[in-house]
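J.: File target17.pdb below, PDB, C-alpha atoms:
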```pdb
MODEL        1
ATOM      1  CA  MET A 100      18.453 -19.116   6.173
ATOM      2  CA  ALA A 101      18.353 -15.527   7.421
ATOM      3  CA  ASP A 102      21.529 -15.996   9.489
ATOM      4  CA  ARG A 103      23.359 -17.549   6.536
ATOM      5  CA  LEU A 104      22.477 -14.524   4.419
ATOM      6  CA  ASP A 105      23.662 -11.937   6.917
ATOM      7  CA  ILE A 106      26.428 -11.078   4.497
ATOM      8  CA  LEU A 107      27.309  -7.954   2.517
ATOM      9  CA  PRO A 108      26.516  -9.360  -0.973
ATOM     10  CA  PHE A 109      22.969 -10.212   0.090
ATOM     11  CA  LYS A 110      22.415  -6.841   1.771
ATOM     12  CA  THR A 111      23.678  -5.194  -1.422
ATOM     13  CA  LEU A 112      21.247  -7.288  -3.487
ATOM     14  CA  VAL A 113      18.306  -6.104  -1.357
ATOM     15  CA  THR A 114      19.399  -2.450  -1.572
ATOM     16  CA  GLN A 115      19.888  -2.606  -5.333
ATOM     17  CA  ALA A 116      16.542  -4.344  -5.870
ATOM     18  CA  GLY A 117      14.850  -1.554  -3.925
ATOM     19  CA  ALA A 118      16.563   0.990  -6.170
ATOM     20  CA  VAL A 119      15.347  -0.821  -9.287
ATOM     21  CA  LEU A 120      11.793  -0.737  -7.932
ATOM     22  CA  LEU A 121      12.050   3.019  -7.422
ATOM     23  CA  THR A 122      12.817   3.421 -11.121
ATOM     24  CA  HIS A 123       9.452   1.735 -11.779
ATOM     25  CA  GLY A 124       7.652   4.259  -9.579
ATOM     26  CA  VAL A 125       7.026   2.086  -6.525
ATOM     27  CA  GLU A 126       8.576   2.005  -3.090
ATOM     28  CA  VAL A 127       8.723  -1.298  -1.210
ATOM     29  CA  GLU A 128       9.664  -1.900   2.406
ATOM     30  CA  ALA A 129      13.101  -3.466   2.741
ATOM     31  CA  THR A 130      11.736  -6.401   4.754
ATOM     32  CA  SER A 131       9.485  -7.391   1.860
ATOM     33  CA  VAL A 132      12.271  -7.039  -0.699
ATOM     34  CA  ARG A 133      14.456  -9.156   1.567
ATOM     35  CA  GLY A 134      11.822 -11.878   1.740
ATOM     36  CA  VAL A 135      11.598 -12.153  -2.044
ATOM     37  CA  ALA A 136      15.386 -12.103  -2.365
ATOM     38  CA  GLU A 137      15.731 -14.867   0.221
ATOM     39  CA  HIS A 138      13.234 -16.996  -1.703
ATOM     40  CA  LEU A 139      15.157 -16.544  -4.970
ATOM     41  CA  VAL A 140      18.500 -17.323  -3.355
ATOM     42  CA  GLU A 141      17.039 -20.440  -1.742
ATOM     43  CA  ALA A 142      15.585 -21.598  -5.061
ATOM     44  CA  MET A 143      18.841 -20.910  -6.904
ATOM     45  CA  ALA A 144      20.897 -22.745  -4.283
ATOM     46  CA  GLN A 145      18.707 -25.832  -4.593
ATOM     47  CA  GLN A 146      18.681 -25.671  -8.383
ATOM     48  CA  VAL A 147      22.446 -25.486  -8.896
ATOM     49  CA  GLY A 148      23.562 -27.290  -5.732
ATOM     50  CA  MET A 149      25.420 -24.354  -4.209
ATOM     51  CA  ASP A 150      25.659 -22.870  -0.743
ATOM     52  CA  HIS A 151      23.436 -19.871  -0.141
ATOM     53  CA  GLU A 152      26.495 -17.650   0.171
ATOM     54  CA  GLU A 153      27.528 -18.653  -3.352
ATOM     55  CA  ALA A 154      24.027 -18.657  -4.870
ATOM     56  CA  VAL A 155      23.418 -15.050  -3.846
ATOM     57  CA  HIS A 156      25.808 -13.967  -6.603
ATOM     58  CA  LEU A 157      23.559 -15.609  -9.216
ATOM     59  CA  VAL A 158      20.466 -13.590  -8.290
ATOM     60  CA  THR A 159      20.146 -10.159  -9.875
ATOM     61  CA  PRO A 160      18.373  -7.102  -8.430
ATOM     62  CA  GLU A 161      16.267  -6.998 -11.600
ATOM     63  CA  ALA A 162      14.993 -10.538 -10.958
ATOM     64  CA  VAL A 163      13.913  -9.627  -7.429
ATOM     65  CA  ALA A 164      12.219  -6.443  -8.637
ATOM     66  CA  GLU A 165      10.465  -8.272 -11.477
ATOM     67  CA  ILE A 166       8.771 -10.707  -9.098
ATOM     68  CA  ILE A 167       7.563  -7.893  -6.850
ATOM     69  CA  MET A 168       6.328  -5.830  -9.797
ATOM     70  CA  LYS A 169       4.477  -8.841 -11.197
ATOM     71  CA  ALA A 170       2.757  -9.373  -7.842
ATOM     72  CA  ALA A 171       1.812  -5.686  -7.734
ATOM     73  CA  SER A 172       0.398  -5.945 -11.272
ATOM     74  CA  GLU A 173      -1.681  -8.965 -10.275
ATOM     75  CA  ASP A 174      -2.991  -6.963  -7.327
ATOM     76  CA  ASP A 175      -4.300  -4.356  -9.793
ATOM     77  CA  GLN A 176      -6.414  -7.151 -11.272
ATOM     78  CA  GLY A 177      -7.955  -8.076  -7.937
ATOM     79  CA  VAL A 178      -5.356 -10.526  -6.623
ATOM     80  CA  SER A 179      -3.767  -9.616  -3.336
ATOM     81  CA  GLY A 180      -0.197  -8.485  -3.893
ATOM     82  CA  PRO A 181       2.673  -7.579  -1.564
ATOM     83  CA  HIS A 182       1.449  -5.410   1.301
ATOM     84  CA  ALA A 183       4.513  -3.193   1.257
ATOM     85  CA  VAL A 184       4.200  -1.814  -2.277
ATOM     86  CA  ARG A 185       3.561   1.930  -2.311
ATOM     87  CA  PRO A 186       3.548   4.489  -5.091
ATOM     88  CA  VAL A 187       6.482   6.873  -4.912
ATOM     89  CA  ARG A 188       5.296  10.323  -3.877
ATOM     90  CA  ILE A 189       6.552  12.818  -6.399
ATOM     91  CA  ASP A 190       4.592  15.820  -5.113
ATOM     92  CA  ASP A 191       5.887  16.673  -1.637
ATOM     93  CA  ARG A 192       3.876  19.883  -1.215
ATOM     94  CA  THR A 193       1.508  20.301   1.698
ATOM     95  CA  VAL A 194      -1.837  22.024   2.055
ATOM     96  CA  SER A 195      -3.493  23.519   5.119
ATOM     97  CA  ALA A 196      -6.754  21.719   5.838
ATOM     98  CA  PRO A 197      -9.397  22.139   8.557
ATOM     99  CA  VAL A 198      -8.973  19.738  11.447
ATOM    100  CA  GLU A 199     -12.589  18.602  11.087
ATOM    101  CA  SER A 200     -12.040  17.686   7.434
ATOM    102  CA  LEU A 201      -8.931  15.698   8.267
ATOM    103  CA  GLY A 202     -10.859  13.912  10.984
ATOM    104  CA  HIS A 203     -13.349  12.805   8.328
ATOM    105  CA  LEU A 204     -10.470  11.534   6.197
ATOM    106  CA  VAL A 205      -9.120   9.455   9.084
ATOM    107  CA  MET A 206     -12.576   7.907   9.355
ATOM    108  CA  ALA A 207     -12.654   7.359   5.581
ATOM    109  CA  ALA A 208      -9.309   5.577   5.561
ATOM    110  CA  SER A 209     -10.303   3.381   8.490
ATOM    111  CA  GLN A 210     -13.695   2.519   7.000
ATOM    112  CA  ALA A 211     -12.306   1.684   3.565
ATOM    113  CA  GLY A 212      -9.452  -0.238   5.193
ATOM    114  CA  LYS A 213     -11.962  -2.321   7.133
ATOM    115  CA  TYR A 214     -13.816  -3.199   3.929
ATOM    116  CA  ALA A 215     -10.558  -4.124   2.195
ATOM    117  CA  GLY A 216      -9.423  -6.273   5.103
ATOM    118  CA  LEU A 217     -12.737  -8.110   5.432
ATOM    119  CA  ASN A 218     -12.708  -8.840   1.694
ATOM    120  CA  ASP A 219      -9.165 -10.230   1.638
ATOM    121  CA  ASP A 220      -7.303  -7.329   0.042
ATOM    122  CA  GLY A 221      -4.529  -7.043   2.579
ATOM    123  CA  ALA A 222      -2.473  -4.694   0.421
ATOM    124  CA  ALA A 223      -5.201  -2.051   0.218
ATOM    125  CA  ALA A 224      -6.103  -2.495   3.891
ATOM    126  CA  ALA A 225      -2.508  -1.976   5.005
ATOM    127  CA  HIS A 226      -2.085   1.077   2.780
ATOM    128  CA  LEU A 227      -5.315   2.670   3.992
ATOM    129  CA  LEU A 228      -4.476   2.111   7.650
ATOM    130  CA  ASP A 229      -1.030   3.612   7.039
ATOM    131  CA  LEU A 230      -2.740   6.678   5.559
ATOM    132  CA  ALA A 231      -5.063   6.939   8.568
ATOM    133  CA  THR A 232      -2.014   6.894  10.818
ATOM    134  CA  GLU A 233      -0.217   9.484   8.675
ATOM    135  CA  ILE A 234      -3.173  11.873   8.739
ATOM    136  CA  GLY A 235      -3.528  11.388  12.480
ATOM    137  CA  ALA A 236       0.164  12.150  12.954
ATOM    138  CA  ALA A 237      -0.211  15.337  10.921
ATOM    139  CA  LEU A 238      -3.073  16.405  13.173
ATOM    140  CA  VAL A 239      -0.941  15.877  16.247
ATOM    141  CA  ARG A 240       2.222  17.536  14.925
ATOM    142  CA  ASN A 241       0.920  20.381  12.792
ATOM    143  CA  HIS A 242      -2.325  21.450  14.446
ATOM    144  CA  ALA A 243      -2.680  25.210  14.807
ATOM    145  CA  ASP A 244      -5.671  27.556  14.703
ATOM    146  CA  GLY A 245      -8.096  24.820  13.699
ATOM    147  CA  ALA A 246      -6.038  23.609  10.714
ATOM    148  CA  ALA A 247      -3.157  21.266  10.003
ATOM    149  CA  GLU A 248      -0.628  20.774   7.203
ATOM    150  CA  ILE A 249      -1.170  17.567   5.232
ATOM    151  CA  SER A 250       0.816  16.116   2.351
ATOM    152  CA  MET A 251      -0.864  16.393  -1.034
ATOM    153  CA  GLY A 252       0.433  12.911  -1.802
ATOM    154  CA  VAL A 253      -1.571  11.565   1.135
ATOM    155  CA  LEU A 254      -4.725  13.215  -0.214
ATOM    156  CA  ASP A 255      -4.109  11.779  -3.696
ATOM    157  CA  GLU A 256      -3.543   8.249  -2.412
ATOM    158  CA  LEU A 257      -6.518   8.392  -0.053
ATOM    159  CA  ALA A 258      -8.938   9.609  -2.712
ATOM    160  CA  GLU A 259      -7.815   6.940  -5.168
ATOM    161  CA  LEU A 260      -7.969   4.084  -2.653
ATOM    162  CA  VAL A 261     -11.308   5.058  -1.120
ATOM    163  CA  ASP A 262     -12.865   5.363  -4.572
ATOM    164  CA  SER A 263     -11.360   2.006  -5.501
ATOM    165  CA  VAL A 264     -12.944   0.346  -2.471
ATOM    166  CA  ALA A 265     -16.284   1.968  -3.299
ATOM    167  CA  ASP A 266     -15.969   0.571  -6.828
ATOM    168  CA  ARG A 267     -15.359  -2.906  -5.438
ATOM    169  CA  VAL A 268     -18.443  -2.656  -3.236
ATOM    170  CA  GLU A 269     -20.545  -1.619  -6.224
ATOM    171  CA  THR A 270     -19.178  -3.993  -8.846
ATOM    172  CA  SER A 271     -17.340  -6.852  -7.125
ATOM    173  CA  GLY A 272     -19.679  -7.719  -4.298
ATOM    174  CA  TRP A 273     -17.512  -6.465  -1.461
ATOM    175  CA  SER A 274     -19.496  -6.214   1.755
ATOM    176  CA  ILE A 275     -19.073  -5.202   5.365
ATOM    177  CA  CYS A 276     -20.160  -8.773   6.099
ATOM    178  CA  PRO A 277     -19.037 -11.150   3.324
ATOM    179  CA  CYS A 278     -20.360 -14.219   5.145
ATOM    180  CA  GLY A 279     -22.610 -15.308   2.292
ATOM    181  CA  ASP A 280     -25.837 -15.030   4.296
ATOM    182  CA  ASP A 281     -28.262 -12.185   3.625
ATOM    183  CA  HIS A 282     -29.059 -10.142   6.712
ATOM    184  CA  ASP A 283     -29.557  -6.728   5.120
ATOM    185  CA  GLN A 284     -25.848  -5.910   4.941
ATOM    186  CA  ARG A 285     -26.313  -4.770   1.346
ATOM    187  CA  SER A 286     -28.310  -1.765   2.467
ATOM    188  CA  VAL A 287     -25.434  -0.841   4.768
ATOM    189  CA  ASP A 288     -22.981  -1.263   1.898
ATOM    190  CA  VAL A 289     -25.003   0.993  -0.416
ATOM    191  CA  GLY A 290     -25.115   3.744   2.192
ATOM    192  CA  THR A 291     -21.397   3.358   2.872
ATOM    193  CA  VAL A 292     -20.540   3.791  -0.808
ATOM    194  CA  ALA A 293     -22.173   7.219  -0.804
ATOM    195  CA  VAL A 294     -20.103   8.205   2.236
ATOM    196  CA  MET A 295     -16.921   6.904   0.610
ATOM    197  CA  ARG A 296     -17.567   8.904  -2.550
ATOM    198  CA  HIS A 297     -18.148  12.022  -0.435
ATOM    199  CA  HIS A 298     -14.893  11.521   1.456
ATOM    200  CA  ALA A 299     -12.907  10.890  -1.733
ATOM    201  CA  ALA A 300     -14.333  14.128  -3.159
ATOM    202  CA  LEU A 301     -13.413  15.914   0.076
ATOM    203  CA  ALA A 302      -9.800  14.753  -0.254
ATOM    204  CA  ARG A 303      -9.656  15.920  -3.860
ATOM    205  CA  GLY A 304     -11.233  19.244  -2.905
ATOM    206  CA  LEU A 305      -8.615  19.866  -0.214
ATOM    207  CA  ARG A 306      -5.878  19.051  -2.690
ATOM    208  CA  GLY A 307      -7.433  21.368  -5.258
ATOM    209  CA  GLN A 308      -7.075  24.294  -2.910
ATOM    210  CA  ALA A 309      -3.299  24.176  -3.357
ATOM    211  CA  ASP A 310      -3.604  24.094  -7.131
ATOM    212  CA  GLY A 311      -5.758  27.214  -7.062
TER     213      GLY A 311
ENDMDL
END
```
Could I get this structure in the form of structure tokens?
T.:
Amino acid sequence: MADRLDILPFKTLVTQAGAVLLTHGVEVEATSVRGVAEHLVEAMAQQVGMDHEEAVHLVTPEAVAEIIMKAASEDDQGVSGPHAVRPVRIDDRTVSAPVESLGHLVMAASQAGKYAGLNDDGAAAAHLLDLATEIGAALVRNHADGAAEISMGVLDELAELVDSVADRVETSGWSICPCGDDHDQRSVDVGTVAVMRHHAALARGLRGQADG
């Protein structure tokens, strides 16, 4: 179906749906928006007996955005949502942070991302690994005199996600080994929660430096 939808009206639908999502405070990768739009066009074509090229005109950007937003809302309740949903970063300021501290935050993002991935929250895992990559890139590009410039939005997102994973470990039974058999992994999980809380506080502390 992808080849049949390589037409301007469909590309416009995807672009407009992405714009609608931005008004709701989330940014979604175009490939994910396209996938939802393709599904709606396919369903509409079958329902009304039209060609895909005709059915695309019956699908609105708002309908595409609504499905994605609903999936994101379900993810907030513990159901895995679309991996590409990201909060829009409003604060584009940066703060200078010690390289060692940022190294700890890369570790924090990777550790929390591993927990999320092992416990079937692909959205959180993907977001955390993206943050780890973003912090690493900042270290490579902006490293000078033992410090590097990092986006305050990255620090906000990291602190929130790492704390969220720690909450899931404490209250939802997330584990580094969710196999169902007891081989002392809970003691590892308890110790990891303390580290996660420390790293989330570190991220917030670095951000607080810019606020004075």
J.: Which neighbours of Glu165 in chain A fall inside 9 Å, counting all atoms listed in the file, when residues of the same chain fewer than 5 positions from it are skipped, and could you give them as a ChimeraX atom specification?
T.: /A:120,160,170
J.: Kindly save the residues from that selection, with C-alpha atoms included, as a PDB file, keeping the file's coordinate frame.
T.:
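And here is the file that came out, again.pdb:
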```pdb
ATOM      1  CA  LEU A 120      11.793  -0.737  -7.932  1.00  0.00           C
ATOM      2  CA  PRO A 160      18.373  -7.102  -8.430  1.00  0.00           C
ATOM      3  CA  ALA A 170       2.757  -9.373  -7.842  1.00  0.00           C
TER       4      ALA A 170
END
```
J.: Would you mind telling me which residue in A:Leu112, A:Leu139, A:Leu254, A:Leu217 lies nearest to Arg303 in chain A when using all atoms listed in the file?
T.: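 Result for the nearest residue to Arg303 in chain A: A:Leu254.
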J.: Starting from the shown file, work through the PyMOL selection byres ((chain A and resi 156) around 12) and note down what comes out as a list in words.
T.: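 Here the PyMOL selection byres ((chain A and resi 156) around 12) matches Leu104, Ile106, Leu107, Pro108, Phe109, Lys110, Thr111, Leu112, Ala136, Leu139, Val140, Glu141, Met143, Ala144, Met149, Asp150, His151, Glu152, Glu153, Ala154, Val155, Leu157, Val158, Thr159 and Pro160 of chain A.
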J.: Quick check on the file I pasted: which residues fall under the PyMOL selection byres ((chain A and resi 208) around 9)? Write them as a compact mmCIF listing (two decimals) with C-alpha atoms, in the frame of the given file.
T.:
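Saved result, result-v7.txt, follows:
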```txt
# COMPACT_ATOMS: atom_id res chain seq x y z
CA HIS A 203 -13.35 12.80 8.33
CA LEU A 204 -10.47 11.53 6.20
CA VAL A 205 -9.12 9.46 9.08
CA MET A 206 -12.58 7.91 9.36
CA ALA A 207 -12.65 7.36 5.58
CA SER A 209 -10.30 3.38 8.49
CA GLN A 210 -13.70 2.52 7.00
CA ALA A 211 -12.31 1.68 3.56
CA GLY A 212 -9.45 -0.24 5.19
CA LYS A 213 -11.96 -2.32 7.13
CA ALA A 224 -6.10 -2.50 3.89
CA HIS A 226 -2.08 1.08 2.78
CA LEU A 227 -5.32 2.67 3.99
CA LEU A 228 -4.48 2.11 7.65
CA ASP A 229 -1.03 3.61 7.04
CA LEU A 230 -2.74 6.68 5.56
CA ALA A 231 -5.06 6.94 8.57
CA LEU A 257 -6.52 8.39 -0.05
CA LEU A 260 -7.97 4.08 -2.65
CA VAL A 261 -11.31 5.06 -1.12
```
J.: Rank nothing, just name the residue among A:Ala129, A:Ile234, A:Leu201, A:Val253 nearest to Arg188 in chain A, using only C-alpha atoms.
T.: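 Of all the options, A:Val253 lies closest to Arg188 in chain A.
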